[in-house]
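Worksheet for the structure shown next.
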Amino acid sequence: WEGKRADGVAALDPRVLLASSELRRRAARLREAAEQTSLAAFRRELNARKRVLRSLGHLEVHRETGDGTTAPAAAAEPIVDLTMDDDASGDAPGTFDVVTLKGRAACHVDIADELLTTELLFNGGFNALTVPQLCALCSCLLPETEKTAEAIKLRSELQSTLEMLQEAATRVAEVAFDCGVAPPEAERETFVSKYVESFQPGLMDVAFEWSRGLKTFAEIADMTDLFEGSIVRSLRRLVEFLDNLHNACVEVGESSLAEKFEEAHKSISRGIVHANSLYL
């Protein structure tokens with residue numbers, strides 16, 4: 001409703017102004033609620049993980065050029081703030097991601113932590129290790145399904161190998177935290193330490209000795225409080241993981257390292273580990 005003031009200017013009804021103000025407040029509340037939905041949270045997590053992949057070199061930002069071709073962007077394009085558009089990808093306009101050689105190698109790893117594995121693969125962490133050390137290190141990368149209650153005391157060559165893994169894991173965790181993968185309430189130090197501690201050395205000695213081939217399975221079983229069946233299952237998972245790494249090395253053209261992983265595979269996949277049944 002509009003009235004006329006003394007000067008002839010139209011005046012809005014105060015009730016209209018109040019209703020308009022209430023509608024604006026309601027719209028703000030609805031926008032805030034929408035951002036809290038699981039879909040919006042998924043989009044934020046997706047973009048955070050894309051930032052991680054870009055930072056670690058698994059993805060490379062490319063930009064469309066004027067002649068219809070594409071080229072790498074001069075610098076890493078930032079992921080812009082999300083909108084409420086269902087198709088919002090968070091990418092800068094005109095850019096898209098291309099999977100790098102490192103990213104293609106990571107695609108071959110499906111039973112262990114892909115990011116940490118490819119960091120060790122590309123920073124030379126595997127190159128200087130002997131085959132038994134390689135098997136021991138790879139046992140740490142597998143998800144821990146069986147936990148030992150015994151205190152773990154590693155020999156010096158395995159301790160230095162574990163420390164190398166922990167240094168690489170720390171870098172991966174710091175990148176992930178800086179890219180926003182961690183929950184909002186998480187502290188940086190706690191997030192990093194939790195990630196690093198997820199790679200446990202409980203089977204390092206077992207994998208090392210079985211790869212060397214100097215001890216019987218009964219002697220190796222006496223080295224840990226794990227059941228024999230758990231040891232065999234873990235070593236079989238290690239065999240599968242070594243196959244993943246062999247294929248990743250072939251993908252990136254690391255023929256010498258691929259041969260080392262093949263040798264490591266043979267050193268583990270033998271005897272009771274290679275048997276079709278544990279009852280034979």
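By order in the structure tokens, chains are A, B, ...; within a chain, residues start at 1; ligands start at 1, following the order shown.
Within 9 Å of Leu158 of chain A, once only C-alpha atoms are used and residues closer than 3 positions along the same chain are dropped, the contacting residues are Gln133, Ala136, Leu137, Leu154, Arg155, Thr161, Leu162, Glu163, Met204, Asp205 and Phe208 of chain A.
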I need the residues from that last selection saved to file as a compact mmCIF listing (two decimals), in the first residue's frame (with N, CA, C and O atoms), if you can.
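As written to disk, part36.txt reads:
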# COMPACT_ATOMS: atom_id res chain seq x y z
N GLN A 133 64.02 -55.28 2.51
CA GLN A 133 63.62 -53.98 3.06
C GLN A 133 62.39 -53.44 2.33
O GLN A 133 61.50 -52.84 2.95
N ALA A 136 59.39 -55.17 3.65
CA ALA A 136 59.08 -54.70 4.99
C ALA A 136 58.40 -53.34 4.94
O ALA A 136 57.40 -53.09 5.64
N LEU A 137 58.90 -52.44 4.10
CA LEU A 137 58.31 -51.11 3.97
C LEU A 137 56.89 -51.20 3.43
O LEU A 137 55.97 -50.53 3.93
N LEU A 154 62.57 -52.69 16.10
CA LEU A 154 63.07 -52.95 14.76
C LEU A 154 64.58 -52.89 14.72
O LEU A 154 65.22 -52.12 15.46
N ARG A 155 65.17 -53.68 13.85
CA ARG A 155 66.60 -53.57 13.59
C ARG A 155 66.90 -52.25 12.90
O ARG A 155 66.00 -51.61 12.35
N THR A 161 64.23 -47.22 7.51
CA THR A 161 63.22 -47.33 6.46
C THR A 161 61.88 -46.81 6.94
O THR A 161 61.17 -46.08 6.21
N LEU A 162 61.52 -47.15 8.16
CA LEU A 162 60.26 -46.66 8.74
C LEU A 162 60.28 -45.14 8.88
O LEU A 162 59.27 -44.47 8.62
N GLU A 163 61.39 -44.59 9.29
CA GLU A 163 61.50 -43.14 9.45
C GLU A 163 61.34 -42.43 8.12
O GLU A 163 60.73 -41.35 8.04
N MET A 204 56.71 -55.65 9.82
CA MET A 204 57.96 -55.37 9.11
C MET A 204 58.97 -56.50 9.27
O MET A 204 59.57 -56.96 8.30
N ASP A 205 59.18 -56.96 10.51
CA ASP A 205 60.14 -58.04 10.74
C ASP A 205 59.70 -59.32 10.06
O ASP A 205 60.52 -60.06 9.49
N PHE A 208 60.19 -58.98 6.32
CA PHE A 208 61.63 -58.93 6.05
C PHE A 208 62.22 -60.34 6.08
O PHE A 208 62.93 -60.75 5.15
Which residues are close to segment 209-213 of chain A, i.e. within 10 Å by only C-alpha atoms, leaving aside same-chain residues fewer than 4 positions away? Reply as a VMD selection string.
chain A and resid 131 to 136 204 to 205 217 219 to 220 223 235 263 to 270 273
Keeping N, CA, C and O atoms, export the residues of the selection given above as a compact mmCIF listing (two decimals), in the first residue's frame.
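Wrote selection_4.txt, looks like this:
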# COMPACT_ATOMS: atom_id res chain seq x y z
N VAL A 131 65.58 -55.93 -1.51
CA VAL A 131 64.27 -56.56 -1.69
C VAL A 131 63.61 -56.86 -0.34
O VAL A 131 62.42 -56.57 -0.16
N PRO A 132 64.31 -57.42 0.66
CA PRO A 132 63.66 -57.63 1.96
C PRO A 132 63.22 -56.33 2.62
O PRO A 132 62.14 -56.27 3.23
N GLN A 133 64.02 -55.28 2.51
CA GLN A 133 63.62 -53.98 3.06
C GLN A 133 62.39 -53.44 2.33
O GLN A 133 61.50 -52.84 2.95
N LEU A 134 62.37 -53.65 1.04
CA LEU A 134 61.23 -53.20 0.23
C LEU A 134 59.94 -53.89 0.70
O LEU A 134 58.90 -53.24 0.86
N CYS A 135 60.02 -55.18 0.92
CA CYS A 135 58.84 -55.92 1.40
C CYS A 135 58.42 -55.44 2.78
O CYS A 135 57.22 -55.31 3.06
N ALA A 136 59.39 -55.17 3.65
CA ALA A 136 59.08 -54.70 4.99
C ALA A 136 58.40 -53.34 4.94
O ALA A 136 57.40 -53.09 5.64
N MET A 204 56.71 -55.65 9.82
CA MET A 204 57.96 -55.37 9.11
C MET A 204 58.97 -56.50 9.27
O MET A 204 59.57 -56.96 8.30
N ASP A 205 59.18 -56.96 10.51
CA ASP A 205 60.14 -58.04 10.74
C ASP A 205 59.70 -59.32 10.06
O ASP A 205 60.52 -60.06 9.49
N PHE A 217 58.54 -70.99 8.17
CA PHE A 217 57.34 -70.26 8.57
C PHE A 217 57.09 -70.41 10.07
O PHE A 217 56.63 -69.46 10.73
N GLU A 219 59.30 -70.63 12.42
CA GLU A 219 60.21 -69.71 13.13
C GLU A 219 59.71 -68.28 13.02
O GLU A 219 59.79 -67.50 13.98
N ILE A 220 59.19 -67.92 11.86
CA ILE A 220 58.67 -66.56 11.67
C ILE A 220 57.41 -66.36 12.50
O ILE A 220 57.19 -65.27 13.06
N MET A 223 57.89 -65.11 15.91
CA MET A 223 58.38 -63.75 16.07
C MET A 223 57.27 -62.78 16.45
O MET A 223 57.54 -61.63 16.80
N LEU A 235 50.47 -61.61 4.37
CA LEU A 235 51.50 -61.77 3.35
C LEU A 235 50.89 -61.90 1.96
O LEU A 235 51.47 -61.44 0.96
N GLU A 263 60.78 -59.22 -8.25
CA GLU A 263 61.61 -60.07 -7.41
C GLU A 263 61.05 -60.13 -5.98
O GLU A 263 61.04 -61.20 -5.34
N ALA A 264 60.58 -58.99 -5.49
CA ALA A 264 59.98 -58.96 -4.15
C ALA A 264 58.73 -59.83 -4.11
O ALA A 264 58.47 -60.55 -3.14
N HIS A 265 57.92 -59.76 -5.18
CA HIS A 265 56.72 -60.60 -5.28
C HIS A 265 57.08 -62.07 -5.16
O HIS A 265 56.44 -62.85 -4.42
N LYS A 266 58.11 -62.51 -5.87
CA LYS A 266 58.52 -63.91 -5.84
C LYS A 266 59.05 -64.32 -4.47
O LYS A 266 58.87 -65.46 -4.04
N SER A 267 59.72 -63.37 -3.79
CA SER A 267 60.29 -63.71 -2.49
C SER A 267 59.22 -63.89 -1.41
O SER A 267 59.46 -64.57 -0.41
N ILE A 268 58.04 -63.32 -1.62
CA ILE A 268 56.94 -63.46 -0.65
C ILE A 268 55.98 -64.57 -1.06
O ILE A 268 55.52 -65.36 -0.23
N SER A 269 55.67 -64.65 -2.35
CA SER A 269 54.68 -65.62 -2.84
C SER A 269 55.34 -66.98 -3.04
O SER A 269 55.65 -67.42 -4.16
N ARG A 270 55.54 -67.68 -1.95
CA ARG A 270 56.15 -69.01 -1.98
C ARG A 270 55.67 -69.78 -0.75
O ARG A 270 55.14 -69.20 0.20
N VAL A 273 52.39 -69.37 1.77
CA VAL A 273 51.73 -68.15 1.29
C VAL A 273 51.17 -68.37 -0.10
O VAL A 273 50.11 -67.83 -0.47
One decimal, Å: what's the distance from atom CA of Glu228 of chain A over to atom CA of Leu141 of chain A, could you say?
20.6 Å
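Proximity of A:Phe227, A:Phe191, A:Phe177, A:Phe126 to Arg51 of chain A, computed with only C-alpha atoms, is greatest for A:Phe177.
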Alpha helix (DSSP H) residues, from DSSP on the backbone, in segment 82-211 of chain A, as a ChimeraX atom specification
/A:101-106,114-122,131-141,156-178,188-197,204-211
Give the strand (DSSP E) residues of segment 43-255 of chain A, as DSSP finds them on the backbone, and put them as a list in words.
Leu59, Glu60, Val61, His62, Arg63, Glu64, Thr70, Ala71, Pro72, Thr95, Phe96, Asp97, Val98 and Val99 of chain A
Put those residues in a file: C-alpha atoms, as a compact mmCIF listing (two decimals), in the first residue's frame.
# COMPACT_ATOMS: atom_id res chain seq x y z
CA LEU A 59 46.57 -33.43 -11.50
CA GLU A 60 47.74 -30.55 -13.67
CA VAL A 61 45.58 -27.55 -14.42
CA HIS A 62 45.13 -26.84 -18.13
CA ARG A 63 43.48 -23.86 -19.76
CA GLU A 64 41.75 -23.54 -23.10
CA THR A 70 44.78 -26.55 -24.51
CA ALA A 71 47.94 -25.81 -22.55
CA PRO A 72 49.10 -26.04 -18.93
CA THR A 95 40.24 -24.55 -16.75
CA PHE A 96 40.17 -28.31 -16.30
CA ASP A 97 42.39 -30.99 -14.79
CA VAL A 98 44.60 -33.44 -16.64
CA VAL A 99 45.89 -36.59 -14.91
